[in-house]
file final.cif (mmCIF, C-alpha atoms)
data_protein
#
loop_
_atom_site.label_atom_id
_atom_site.label_comp_id
_atom_site.auth_asym_id
_atom_site.auth_seq_id
_atom_site.Cartn_x
_atom_site.Cartn_y
_atom_site.Cartn_z
CA MET L 1 61.56 43.78 -122.84
CA ASN L 2 60.17 41.07 -120.54
CA ARG L 3 62.04 37.86 -119.68
CA ARG L 4 60.22 35.68 -122.19
CA HIS L 5 60.87 37.98 -125.10
CA LEU L 6 64.49 38.27 -124.01
CA LEU L 7 64.85 34.49 -124.13
CA ALA L 8 63.21 34.44 -127.53
CA SER L 9 65.59 37.07 -128.84
CA LEU L 10 68.62 35.25 -127.50
CA ALA L 11 67.43 32.05 -129.16
CA LEU L 12 67.66 33.77 -132.57
CA MET L 13 71.37 34.42 -132.20
CA PRO L 14 72.51 31.19 -133.90
CA LEU L 15 70.97 32.52 -137.14
CA LEU L 16 72.63 35.91 -136.88
CA PRO L 17 76.26 36.95 -137.51
CA ALA L 18 77.01 37.16 -133.78
CA VAL L 19 77.29 33.40 -133.40
CA ALA L 20 80.27 33.78 -131.08
CA GLN L 21 77.85 34.12 -128.17
CA ALA L 22 76.90 30.44 -128.53
CA ALA L 23 79.27 28.28 -126.53
CA LYS L 24 80.21 24.84 -125.37
CA ILE L 25 79.32 24.83 -121.69
CA GLY L 26 80.30 21.34 -120.59
CA THR L 27 81.03 17.70 -121.32
CA ASN L 28 78.69 14.84 -120.59
CA THR L 29 79.99 11.98 -118.45
CA PRO L 30 78.72 8.37 -118.31
CA PHE L 31 76.34 7.09 -115.68
CA LEU L 32 77.75 4.70 -113.11
CA PRO L 33 75.61 1.53 -113.08
CA LEU L 34 74.32 -0.17 -109.98
CA SER L 35 77.02 -2.34 -108.42
CA ALA L 36 78.05 -4.00 -105.16
CA GLU L 37 80.88 -1.47 -104.83
CA ARG L 38 78.48 1.46 -105.06
CA ILE L 39 75.99 -0.15 -102.68
CA ALA L 40 78.82 -0.50 -100.13
CA THR L 41 79.07 3.31 -99.96
CA LEU L 42 75.44 3.67 -98.78
CA PRO L 43 74.51 4.14 -95.13
CA ALA L 44 74.60 0.78 -93.36
CA GLY L 45 70.85 0.62 -92.90
CA GLU L 46 70.19 0.86 -96.65
CA ARG L 47 72.66 -1.73 -97.93
CA ALA L 48 70.73 -4.95 -97.27
CA ALA L 49 67.73 -4.01 -99.43
CA TRP L 50 69.92 -2.94 -102.35
CA THR L 51 72.17 -5.98 -102.05
CA ALA L 52 69.11 -8.25 -102.17
CA TYR L 53 67.79 -6.31 -105.16
CA LEU L 54 71.06 -6.68 -107.08
CA LYS L 55 71.17 -10.42 -106.32
CA ARG L 56 67.57 -10.83 -107.48
CA SER L 57 68.45 -9.11 -110.73
CA LYS L 58 71.53 -11.24 -111.35
CA ASP L 59 69.63 -14.43 -110.56
CA ALA L 60 66.82 -13.48 -112.94
CA MET L 61 69.22 -12.71 -115.79
CA ALA L 62 71.03 -16.01 -115.21
CA ALA L 63 67.70 -17.85 -115.38
CA ASP L 64 66.70 -16.04 -118.58
CA LYS L 65 69.99 -16.92 -120.25
CA ALA L 66 69.86 -20.51 -119.01
CA ALA L 67 66.37 -20.98 -120.45
CA LEU L 68 67.48 -19.78 -123.89
CA ARG L 69 70.65 -21.84 -123.71
CA ALA L 70 68.61 -24.96 -122.89
CA GLU L 71 66.32 -24.37 -125.86
CA ARG L 72 69.31 -24.13 -128.18
CA THR L 73 70.89 -27.36 -126.98
CA GLY L 74 70.97 -29.75 -129.90
CA LEU L 75 70.09 -27.15 -132.54
CA THR L 76 72.50 -26.96 -135.46
CA GLU L 77 71.19 -23.56 -136.50
CA PHE L 78 69.42 -20.88 -134.50
CA PRO L 79 66.29 -19.11 -135.81
CA ALA L 80 66.77 -15.57 -137.09
CA ASP L 81 66.23 -12.79 -134.57
CA PRO L 82 62.73 -11.28 -134.55
CA LYS L 83 62.26 -8.25 -136.78
CA ASP L 84 61.88 -4.79 -135.32
CA GLY L 85 59.08 -2.31 -135.88
CA ASN L 86 56.36 -0.36 -134.09
CA GLY L 87 54.60 -2.77 -131.79
CA LYS L 88 52.05 -0.42 -130.22
CA PRO L 89 49.47 -0.38 -133.05
CA THR L 90 49.49 -4.18 -133.13
CA MET L 91 48.22 -4.31 -129.52
CA PRO L 92 45.00 -2.24 -129.52
CA LEU L 93 43.18 -1.87 -126.22
CA ASP L 94 39.98 -0.23 -127.50
CA LYS L 95 38.39 -2.96 -129.60
CA PRO L 96 35.00 -4.58 -128.80
CA ASP L 97 35.25 -7.68 -126.63
CA ALA L 98 34.48 -9.96 -129.57
CA TRP L 99 37.57 -8.78 -131.45
CA TYR L 100 39.89 -10.27 -128.81
CA ALA L 101 38.65 -13.76 -129.76
CA SER L 102 39.22 -13.11 -133.48
CA ASP L 103 41.91 -14.77 -135.59
CA GLU L 104 43.79 -11.45 -135.72
CA ALA L 105 43.86 -11.10 -131.94
CA THR L 106 44.72 -14.77 -131.49
CA ILE L 107 47.89 -14.28 -133.57
CA VAL L 108 48.88 -11.25 -131.50
CA THR L 109 48.19 -13.08 -128.24
CA ALA L 110 50.22 -16.13 -129.30
CA ASN L 111 53.16 -13.93 -130.27
CA ILE L 112 53.11 -12.05 -126.96
CA LEU L 113 52.87 -15.23 -124.90
CA SER L 114 55.77 -16.82 -126.77
CA PHE L 115 58.15 -13.86 -126.37
CA GLN L 116 57.66 -13.32 -122.64
CA THR L 117 60.96 -13.94 -120.90
CA PRO L 118 61.19 -16.33 -117.95
CA ALA L 119 61.56 -13.26 -115.73
CA GLY L 120 58.23 -11.96 -117.07
CA GLY L 121 59.19 -9.01 -119.28
CA TRP L 122 59.36 -8.33 -123.01
CA GLY L 123 61.76 -6.65 -125.43
CA LYS L 124 60.95 -3.44 -127.30
CA ASN L 125 60.05 -2.43 -130.85
CA GLN L 126 58.54 -5.78 -131.81
CA PRO L 127 55.33 -5.97 -133.86
CA ARG L 128 53.10 -8.54 -132.20
CA ASN L 129 51.08 -9.52 -135.28
CA ALA L 130 53.94 -11.78 -136.37
CA PRO L 131 54.29 -15.56 -135.87
CA PRO L 132 55.08 -16.87 -132.38
CA ARG L 133 58.63 -17.26 -131.19
CA GLN L 134 60.42 -20.41 -132.35
CA ARG L 135 62.47 -22.72 -130.18
CA GLY L 136 65.88 -21.16 -129.62
CA GLN L 137 64.91 -17.78 -131.08
CA ALA L 138 66.15 -14.69 -129.25
CA TYR L 139 63.64 -12.93 -127.03
CA VAL L 140 64.41 -9.52 -128.56
CA ILE L 141 65.32 -7.93 -131.87
CA GLY L 142 68.82 -8.34 -133.29
CA GLU L 143 72.00 -6.43 -132.61
CA GLU L 144 71.97 -2.67 -133.02
CA PRO L 145 74.40 -0.88 -135.37
CA VAL L 146 78.00 -0.87 -134.15
CA LYS L 147 78.71 2.22 -132.07
CA PRO L 148 82.03 4.04 -131.79
CA ALA L 149 84.27 3.44 -128.80
CA GLY L 150 83.19 5.49 -125.82
CA ASP L 151 79.50 5.52 -126.74
CA PHE L 152 77.39 5.38 -123.58
CA ASP L 153 74.99 2.91 -125.20
CA ILE L 154 77.40 0.08 -125.99
CA PRO L 155 75.86 -2.95 -124.22
CA ALA L 156 77.99 -5.18 -122.04
CA ASP L 157 76.68 -8.09 -124.11
CA PRO L 158 75.67 -7.13 -127.68
CA LYS L 159 73.49 -10.23 -127.90
CA TRP L 160 71.67 -9.49 -124.65
CA HIS L 161 70.25 -6.00 -124.87
CA TYR L 162 66.85 -4.74 -123.62
CA VAL L 163 65.84 -8.26 -122.57
CA GLY L 164 62.94 -7.10 -120.42
CA THR L 165 62.37 -3.35 -120.69
CA THR L 166 59.85 -0.52 -120.34
CA ASP L 167 61.50 1.52 -123.10
CA ASN L 168 59.05 2.61 -125.80
CA GLY L 169 56.17 1.12 -123.81
CA ALA L 170 57.49 -2.43 -123.86
CA THR L 171 56.15 -4.86 -121.22
CA ILE L 172 53.55 -2.23 -120.29
CA MET L 173 51.66 -2.63 -123.58
CA GLU L 174 51.98 -6.41 -123.62
CA THR L 175 50.67 -6.71 -120.06
CA ARG L 176 47.74 -4.39 -120.71
CA PHE L 177 46.86 -6.26 -123.91
CA LEU L 178 46.93 -9.66 -122.21
CA ALA L 179 44.73 -8.35 -119.39
CA ARG L 180 42.29 -7.09 -122.03
CA VAL L 181 42.28 -10.51 -123.72
CA ALA L 182 41.80 -12.30 -120.40
CA THR L 183 38.89 -10.05 -119.45
CA ALA L 184 37.20 -10.18 -122.86
CA THR L 185 37.63 -13.90 -123.56
CA GLY L 186 38.53 -15.67 -120.34
CA ASN L 187 41.80 -16.87 -121.92
CA ALA L 188 43.60 -18.57 -119.02
CA ALA L 189 47.07 -18.38 -120.61
CA ALA L 190 46.67 -14.63 -121.17
CA LYS L 191 45.58 -14.19 -117.56
CA THR L 192 48.58 -16.11 -116.24
CA ALA L 193 51.03 -14.17 -118.43
CA ALA L 194 49.48 -10.82 -117.47
CA ILE L 195 49.94 -11.68 -113.80
CA LYS L 196 53.53 -12.70 -114.53
CA GLY L 197 54.08 -9.34 -116.25
CA LEU L 198 52.70 -7.48 -113.23
CA ASN L 199 54.99 -9.46 -110.95
CA TRP L 200 57.87 -8.43 -113.23
CA PHE L 201 57.13 -4.80 -112.35
CA LEU L 202 57.15 -5.68 -108.66
CA GLU L 203 60.46 -7.53 -108.95
CA ALA L 204 62.05 -4.73 -110.97
CA GLN L 205 61.07 -1.90 -108.59
CA PHE L 206 64.01 -0.34 -106.77
CA PRO L 207 63.93 -0.39 -102.95
CA ASN L 208 63.27 3.38 -103.04
CA GLY L 209 60.25 3.07 -105.35
CA GLY L 210 61.69 3.86 -108.78
CA TRP L 211 62.17 1.63 -111.81
CA PRO L 212 65.11 1.07 -114.17
CA GLN L 213 64.69 1.12 -117.93
CA VAL L 214 65.82 -2.53 -118.26
CA TRP L 215 65.37 -5.44 -115.85
CA PRO L 216 67.12 -7.69 -115.08
CA LEU L 217 69.74 -4.93 -114.92
CA GLU L 218 72.12 -4.87 -117.88
CA GLY L 219 74.40 -2.02 -116.83
CA GLY L 220 75.07 1.45 -118.19
CA TYR L 221 72.43 4.15 -118.01
CA HIS L 222 69.73 1.48 -118.34
CA ASP L 223 70.19 0.96 -114.57
CA ALA L 224 69.07 4.53 -113.88
CA LEU L 225 65.69 5.44 -112.46
CA THR L 226 64.07 6.40 -115.77
CA LEU L 227 61.32 8.96 -116.36
CA ASN L 228 62.39 9.56 -119.97
CA ASP L 229 59.73 8.83 -122.60
CA ASN L 230 57.15 8.12 -119.87
CA ALA L 231 58.88 4.91 -118.76
CA MET L 232 58.45 5.06 -114.98
CA ILE L 233 55.27 7.10 -115.29
CA SER L 234 53.65 4.40 -117.44
CA VAL L 235 54.76 1.70 -114.99
CA ALA L 236 53.34 3.61 -112.03
CA SER L 237 50.13 4.02 -113.98
CA ILE L 238 49.71 0.33 -114.80
CA VAL L 239 50.53 -0.89 -111.29
CA GLY L 240 48.12 1.72 -109.93
CA ASP L 241 45.30 0.64 -112.26
CA ALA L 242 45.99 -3.01 -111.46
CA GLY L 243 46.27 -2.30 -107.73
CA ARG L 244 42.80 -0.77 -107.77
CA GLY L 245 41.45 -3.68 -109.82
CA GLN L 246 40.27 -1.22 -112.46
CA GLY L 247 38.80 -2.29 -115.78
CA ASP L 248 40.67 -5.20 -117.30
CA PHE L 249 42.46 -5.89 -114.01
CA ALA L 250 39.37 -6.83 -112.01
CA PHE L 251 40.35 -10.53 -112.19
CA LEU L 252 43.52 -10.08 -110.13
CA PRO L 253 43.83 -11.77 -106.74
CA LYS L 254 43.33 -9.39 -103.84
CA ASP L 255 46.78 -10.04 -102.40
CA LEU L 256 48.42 -9.11 -105.71
CA GLN L 257 46.27 -6.00 -105.94
CA ALA L 258 47.51 -4.94 -102.52
CA ARG L 259 51.16 -5.41 -103.51
CA LEU L 260 50.63 -3.43 -106.71
CA ALA L 261 48.84 -0.62 -104.87
CA ALA L 262 51.77 -0.42 -102.44
CA ALA L 263 54.18 -0.25 -105.39
CA GLU L 264 52.35 2.77 -106.77
CA GLN L 265 52.54 4.49 -103.39
CA LYS L 266 56.30 3.95 -103.33
CA ALA L 267 56.51 5.40 -106.83
CA LEU L 268 54.51 8.47 -105.82
CA ALA L 269 56.88 9.00 -102.90
CA VAL L 270 59.92 8.91 -105.16
CA PHE L 271 58.28 11.36 -107.58
CA LEU L 272 58.01 13.80 -104.71
CA LYS L 273 61.60 13.18 -103.62
CA THR L 274 63.00 13.73 -107.10
CA GLN L 275 61.40 17.09 -107.85
CA VAL L 276 64.55 19.18 -108.17
CA VAL L 277 64.92 22.12 -105.79
CA ILE L 278 66.81 25.16 -107.10
CA ASP L 279 67.52 28.14 -104.85
CA GLY L 280 65.15 26.68 -102.28
CA GLN L 281 62.25 26.32 -104.72
CA PRO L 282 60.81 23.02 -106.10
CA THR L 283 60.94 23.14 -109.89
CA LEU L 284 60.77 20.21 -112.34
CA TRP L 285 62.02 16.65 -112.82
CA ALA L 286 65.02 15.14 -114.59
CA PRO L 287 64.66 12.47 -117.28
CA GLN L 288 66.74 9.96 -115.33
CA TYR L 289 68.26 9.70 -111.87
CA ASP L 290 71.00 7.73 -110.21
CA ALA L 291 68.88 5.19 -108.33
CA LEU L 292 71.15 5.21 -105.28
CA THR L 293 71.52 8.97 -104.83
CA LEU L 294 68.37 10.23 -106.59
CA THR L 295 70.45 12.88 -108.35
CA PRO L 296 69.98 13.66 -112.07
CA CYS L 297 72.29 11.64 -114.30
CA SER L 298 73.19 11.16 -117.96
CA ALA L 299 71.79 8.64 -120.45
CA ARG L 300 72.98 8.60 -124.06
CA ASN L 301 75.97 10.70 -125.13
CA PHE L 302 73.76 13.68 -125.96
CA GLU L 303 71.44 13.32 -122.94
CA MET L 304 73.10 15.09 -120.04
CA PRO L 305 72.03 15.55 -116.40
CA ALA L 306 69.34 18.19 -116.68
CA LEU L 307 65.72 18.97 -116.02
CA SER L 308 63.24 17.91 -118.68
CA SER L 309 60.19 20.00 -119.53
CA THR L 310 58.55 17.13 -121.44
CA ASP L 311 59.07 14.46 -118.80
CA SER L 312 58.02 16.91 -116.11
CA GLY L 313 54.80 17.58 -117.98
CA ALA L 314 54.14 13.83 -118.07
CA VAL L 315 54.78 13.50 -114.31
CA LEU L 316 52.38 16.35 -113.63
CA LEU L 317 49.68 14.82 -115.85
CA TYR L 318 50.03 11.51 -114.03
CA MET L 319 49.75 13.12 -110.60
CA MET L 320 46.80 15.26 -111.67
CA LYS L 321 44.92 12.09 -112.69
CA TYR L 322 45.52 10.47 -109.32
CA PRO L 323 42.13 10.07 -107.59
CA ASP L 324 43.09 11.30 -104.10
CA PRO L 325 46.19 13.52 -104.18
CA THR L 326 48.05 14.10 -100.92
CA PRO L 327 49.06 17.58 -99.73
CA GLY L 328 52.60 16.83 -100.93
CA MET L 329 51.34 15.92 -104.38
CA LYS L 330 49.26 19.08 -104.56
CA THR L 331 52.30 21.18 -103.71
CA ALA L 332 54.42 19.36 -106.31
CA ILE L 333 51.75 19.89 -108.94
CA ARG L 334 51.37 23.60 -108.24
CA THR L 335 55.10 24.31 -108.12
CA GLY L 336 55.81 22.18 -111.19
CA VAL L 337 53.07 23.90 -113.20
CA ALA L 338 54.28 27.33 -112.05
CA THR L 339 57.78 26.47 -113.27
CA LEU L 340 56.51 25.36 -116.68
CA GLN L 341 54.39 28.51 -116.95
CA ARG L 342 57.46 30.62 -116.24
CA LEU L 343 59.67 28.84 -118.77
CA GLY L 344 57.34 28.66 -121.75
CA ILE L 345 58.74 30.68 -124.70
CA PRO L 346 56.11 32.43 -126.87
CA ASP L 347 56.28 33.44 -130.53
CA MET L 348 59.00 30.93 -131.43
CA ASP L 349 59.25 27.68 -133.39
CA PHE L 350 61.76 24.87 -133.82
CA THR L 351 61.62 24.03 -137.49
CA TYR L 352 63.52 23.19 -140.65
CA VAL L 353 65.12 26.16 -142.42
CA GLU L 354 65.65 25.37 -146.10
CA ALA L 355 68.27 28.09 -146.66
CA ILE L 356 70.71 26.38 -144.29
CA ASP L 357 69.40 22.80 -144.59
CA ALA L 358 69.01 22.48 -140.83
CA ARG L 359 66.51 22.99 -138.04
CA ARG L 360 66.67 26.19 -136.06
CA PHE L 361 64.83 27.97 -133.28
CA ILE L 362 63.25 30.90 -135.06
CA GLU L 363 60.73 33.64 -134.51
CA LYS L 364 57.10 32.83 -135.30
CA PRO L 365 54.70 35.56 -134.12
CA GLY L 366 51.56 34.15 -132.57
CA ALA L 367 53.01 30.68 -131.99
CA ARG L 368 51.92 28.85 -128.88
CA PRO L 369 54.51 28.57 -126.08
CA ILE L 370 57.35 26.13 -126.63
CA TRP L 371 59.83 24.68 -124.15
CA GLY L 372 63.41 23.55 -124.34
CA ARG L 373 63.45 19.80 -123.74
CA TYR L 374 66.53 19.91 -121.48
CA LEU L 375 67.09 22.67 -118.98
CA ASP L 376 70.26 23.55 -117.11
CA LEU L 377 70.15 22.45 -113.47
CA LYS L 378 71.19 25.91 -112.25
CA THR L 379 69.92 28.47 -114.75
CA LEU L 380 66.89 26.58 -116.17
CA LYS L 381 67.96 27.72 -119.65
CA PRO L 382 67.69 25.24 -122.56
CA ILE L 383 70.82 23.16 -123.18
CA PHE L 384 71.77 20.72 -125.93
CA GLY L 385 74.15 17.81 -126.46
CA ASP L 386 75.86 15.99 -129.32
CA ARG L 387 77.14 12.46 -129.82
CA GLU L 388 80.67 13.60 -128.99
CA LYS L 389 79.40 14.33 -125.43
CA ASN L 390 79.65 18.11 -125.79
CA ILE L 391 77.03 20.27 -124.07
CA TYR L 392 76.03 23.58 -125.68
CA ASP L 393 73.81 26.55 -124.94
CA SER L 394 72.53 26.76 -128.54
CA VAL L 395 70.69 24.19 -130.62
CA ALA L 396 72.60 25.43 -133.68
CA ASP L 397 75.72 23.73 -132.35
CA VAL L 398 74.12 20.28 -132.51
CA GLU L 399 71.76 20.71 -135.46
CA LYS L 400 74.36 20.57 -138.23
CA GLN L 401 71.96 19.07 -140.76
CA GLY L 402 68.23 18.93 -141.27
CA LYS L 403 68.04 15.15 -140.94
CA LYS L 404 68.46 14.89 -137.18
CA GLY L 405 65.09 14.27 -135.59
CA TYR L 406 65.59 14.77 -131.86
CA ALA L 407 62.91 16.90 -130.16
CA TRP L 408 65.13 19.60 -128.65
CA TYR L 409 62.07 21.81 -128.21
CA SER L 410 58.50 20.72 -127.55
CA ARG L 411 55.00 22.04 -126.99
CA ASN L 412 53.94 18.92 -125.08
CA PRO L 413 54.23 20.60 -121.65
CA GLN L 414 51.18 22.66 -122.60
CA LYS L 415 49.06 19.54 -122.00
CA ALA L 416 49.95 19.71 -118.32
CA LEU L 417 49.09 23.42 -118.15
CA ASP L 418 45.74 22.77 -119.83
CA ALA L 419 44.94 19.90 -117.44
CA PHE L 420 45.88 22.08 -114.48
CA VAL L 421 43.00 24.45 -115.24
CA ALA L 422 40.41 21.73 -114.52
CA TRP L 423 42.48 20.24 -111.67
CA GLN L 424 42.67 23.61 -109.95
CA VAL L 425 38.91 24.02 -110.08
CA ARG L 426 38.58 20.74 -108.20
CA TYR L 427 41.39 21.08 -105.70
CA GLY L 428 41.88 24.83 -105.42
#

call {"tool": "encode", "arguments": {"input": "final.cif", "output": "structure tokens"}}
result
Amino acid sequence: MNRRHLLASLALMPLLPAVAQAAKIGTNTPFLPLSAERIATLPAGERAAWTAYLKRSKDAMAADKAALRAERTGLTEFPADPKDGNGKPTMPLDKPDAWYASDEATIVTANILSFQTPAGGWGKNQPRNAPPRQRGQAYVIGEEPVKPAGDFDIPADPKWHYVGTTDNGATIMETRFLARVATATGNAAAKTAAIKGLNWFLEAQFPNGGWPQVWPLEGGYHDALTLNDNAMISVASIVGDAGRGQGDFAFLPKDLQARLAAAEQKALAVFLKTQVVIDGQPTLWAPQYDALTLTPCSARNFEMPALSSTDSGAVLLYMMKYPDPTPGMKTAIRTGVATLQRLGIPDMDFTYVEAIDARRFIEKPGARPIWGRYLDLKTLKPIFGDREKNIYDSVADVEKQGKKGYAWYSRNPQKALDAFVAWQVRYG
């Protein structure tokens, strides 16, 4: 029996009587946010840049809060928080130029302009085909459901959460849409706001080239260098496109283009630094890293320090699209692809099983390869977490019911393997 079929057979164990072989293998611990105390532990030559970065963040948050506070002065009642929803389909980028001058696009543009924070970012999960922001209205959607004590995602300020973020494509989509409007219609306000959004990315970039999930920093795992859900990859992509003056970004001033191009180069350097080496061999990438140490770190209770096959696939796709890859990038691409090829599990599926009212990892002859989303940092075997911070070696331990929708297994890494075929023809 070869290694892949062995892994597939082991994955069936949660459905068989011998469930005792599944085990709790660890406990997740919270991420330590960026702080002056942590910066003080860095080598002396690195402290000044990080201290300036932290001050810039604190100053920007203070300015954001002061602007909202000033708007609310004299109001006897504050407007309701904006409603949440899927914002992406409300900001299409593929319409004919004439559409961006339409009444429909004008509503979207007005909404986006009104919700941009003074720092230049936007909140997440906000449909943009809604009315513009009112005086004194919050910049982001309302409070999230109350979380139990000890939850890693309890914000320091429940009323100030994700105020400027790249999570779920926020700020990235708004900036791209405004650039499209500016290019298609000449809208000066859209042009100014798009430039402000691009400057937000520059201000938010860590001294080492990465990006946090939320800026100004709000604490918790949101301060981590975040690859999860394409966050940093999408930022690197937009600053790269803008730095080259591509497409809708041709209107940018040359000096801003140069700064954005430099930001992408710093991001590429940190991608190379964060490819995790195991037993002397470069492998894959983690979903988030401690920005100061560049070591994999936790996020939510069930998201432990680990490698991520899905985020690694996204990093590889981004690097394979880069127009002039360096020797270091080529090596990272080849070793990353080789690792994904080695870890793909054939003839298996992660699906709902009616008999037990839960999802399980089960045999499916002929199925395309599938990958565990999170992989142990030593063994590269799939691992899983629950909201009680337990880490397990079997998905059955966390999938108690069929209603949980987390993608513990995925076929998305195959996109990187498919792209590699054409990339290899070009670069050898």

call {"tool": "atom_distance", "arguments": {"input": "final.cif", "atom1": "atom CA of Pro305 of chain L", "atom2": "atom CA of Gly150 of chain L"}}
result
17.7 Å

call {"tool": "residues_around", "arguments": {"input": "final.cif", "residues": "Ala67 of chain L", "least_positions_apart": "3", "cutoff": "12 Å", "atoms": "all atoms listed in the file", "output": "list of chain:residue names"}}
result
L:Ala60, L:Met61, L:Ala62, L:Ala63, L:Asp64, L:Ala70, L:Glu71, L:Arg72, L:Thr73, L:Gln116, L:Thr117, L:Pro118, L:Ala119, L:Arg135, L:Gly136, L:Gln137, L:Ala138, L:Tyr139

call {"tool": "closest_residue", "arguments": {"input": "final.cif", "among": "L:Gly280, L:Pro155, L:Pro79, L:Pro325", "to": "Asp223 of chain L", "atoms": "all atoms listed in the file"}}
result
L:Pro155

call {"tool": "residues_near_point", "arguments": {"input": "final.cif", "point": "(57.4, -10.8, -136.3)", "cutoff": "12 Å", "atoms": "only C-alpha atoms", "output": "number ranges by chain"}}
result
L: 80-87, 90, 107-108, 110-112, 114-115, 125-134, 137-141

call {"tool": "resolve_selection", "arguments": {"input": "final.cif", "expression": "the PyMOL selection byres ((chain L and resi 316-318) around 9)", "output": "list in words"}}
result
Ile233, Ser234, Ala236, Ser237, Asp311, Ser312, Gly313, Ala314, Val315, Met319, Met320, Lys321, Tyr322, Ala332, Ile333, Gly336, Val337, Lys415, Ala416, Leu417, Ala419 and Phe420 of chain L

call {"tool": "atom_distance", "arguments": {"input": "final.cif", "atom1": "atom CA of Leu380 of chain L", "atom2": "atom CA of Leu272 of chain L"}}
result
19.3 Å

call {"tool": "residues_around", "arguments": {"input": "final.cif", "residues": "Arg411 of chain L", "least_positions_apart": "4", "cutoff": "9 Å", "atoms": "all atoms listed in the file", "output": "NGL selection string"}}
result
:L and (310 or 344 or 368-372 or 415)

call {"tool": "axis_aligned_box", "arguments": {"input": "final.cif", "around": "segment 336-345 of chain L", "padding_each_side": "3 Å", "output": "AutoDock Vina command-line options"}}
result
--center_x 56.4 --center_y 26.4 --center_z -117.9 --size_x 12.6 --size_y 14.5 --size_z 19.5

call {"tool": "atom_distance", "arguments": {"input": "final.cif", "atom1": "atom CA of Tyr100 of chain L", "atom2": "atom CA of Ala184 of chain L"}}
result
6.5 Å

call {"tool": "residues_around", "arguments": {"input": "final.cif", "residues": "Lys389 of chain L", "least_positions_apart": "6", "cutoff": "9 Å", "atoms": "only C-alpha atoms", "output": "VMD selection string"}}
result
chain L and resid 26 to 29 151 300 to 304

call {"tool": "residues_near_point", "arguments": {"input": "final.cif", "point": "(67.1, -4.4, -109.0)", "cutoff": "8 Å", "atoms": "all atoms listed in the file", "output": "JSON, numbers by chain"}}
result
{"L": [50, 53, 54, 55, 56, 57, 203, 204, 205, 206, 207, 212, 215, 216, 217]}

call {"tool": "closest_residue", "arguments": {"input": "final.cif", "among": "L:Leu307, L:Tyr352, L:Glu104, L:Asp324", "to": "Thr379 of chain L", "atoms": "only C-alpha atoms"}}
result
L:Leu307

call {"tool": "resolve_selection", "arguments": {"input": "final.cif", "expression": "the PyMOL selection byres ((chain L and resi 93) around 12)", "output": "JSON list (two decimals) with C-alpha atoms, in the frame of the given file"}}
result
[["chain", "number", "residue", "atom", "x", "y", "z"],
["L", 88, "LYS", "CA", 52.05, -0.42, -130.22],
["L", 89, "PRO", "CA", 49.47, -0.38, -133.05],
["L", 90, "THR", "CA", 49.49, -4.18, -133.13],
["L", 91, "MET", "CA", 48.22, -4.31, -129.52],
["L", 92, "PRO", "CA", 45.00, -2.24, -129.52],
["L", 94, "ASP", "CA", 39.98, -0.23, -127.50],
["L", 95, "LYS", "CA", 38.39, -2.96, -129.60],
["L", 96, "PRO", "CA", 35.00, -4.58, -128.80],
["L", 97, "ASP", "CA", 35.25, -7.68, -126.63],
["L", 99, "TRP", "CA", 37.57, -8.78, -131.45],
["L", 100, "TYR", "CA", 39.89, -10.27, -128.81],
["L", 105, "ALA", "CA", 43.86, -11.10, -131.94],
["L", 172, "ILE", "CA", 53.55, -2.23, -120.29],
["L", 173, "MET", "CA", 51.66, -2.63, -123.58],
["L", 174, "GLU", "CA", 51.98, -6.41, -123.62],
["L", 175, "THR", "CA", 50.67, -6.71, -120.06],
["L", 176, "ARG", "CA", 47.74, -4.39, -120.71],
["L", 177, "PHE", "CA", 46.86, -6.26, -123.91],
["L", 178, "LEU", "CA", 46.93, -9.66, -122.21],
["L", 179, "ALA", "CA", 44.73, -8.35, -119.39],
["L", 180, "ARG", "CA", 42.29, -7.09, -122.03],
["L", 181, "VAL", "CA", 42.28, -10.51, -123.72],
["L", 183, "THR", "CA", 38.89, -10.05, -119.45],
["L", 184, "ALA", "CA", 37.20, -10.18, -122.86],
["L", 247, "GLY", "CA", 38.80, -2.29, -115.78],
["L", 248, "ASP", "CA", 40.67, -5.20, -117.30]]

call {"tool": "decode", "arguments": {"input": "final.cif", "residues": "segment 212-228 of chain L", "atoms": "C-alpha atoms", "output": "compact mmCIF listing (two decimals), in the first residue's frame"}}
result
# COMPACT_ATOMS: atom_id res chain seq x y z
CA PRO L 212 -2.33 42.68 9.25
CA GLN L 213 -5.96 41.72 8.82
CA VAL L 214 -7.17 44.98 10.42
CA TRP L 215 -5.59 48.45 10.38
CA PRO L 216 -5.36 50.57 12.41
CA LEU L 217 -4.43 47.63 14.64
CA GLU L 218 -7.19 46.51 16.98
CA GLY L 219 -5.39 43.75 18.86
CA GLY L 220 -5.80 39.99 19.06
CA TYR L 221 -5.03 37.79 16.08
CA HIS L 222 -6.11 40.62 13.77
CA ASP L 223 -2.58 42.02 14.29
CA ALA L 224 -1.05 38.92 12.71
CA LEU L 225 0.45 38.85 9.24
CA THR L 226 -2.55 37.30 7.51
CA LEU L 227 -2.57 35.05 4.43
CA ASN L 228 -5.87 33.41 5.41
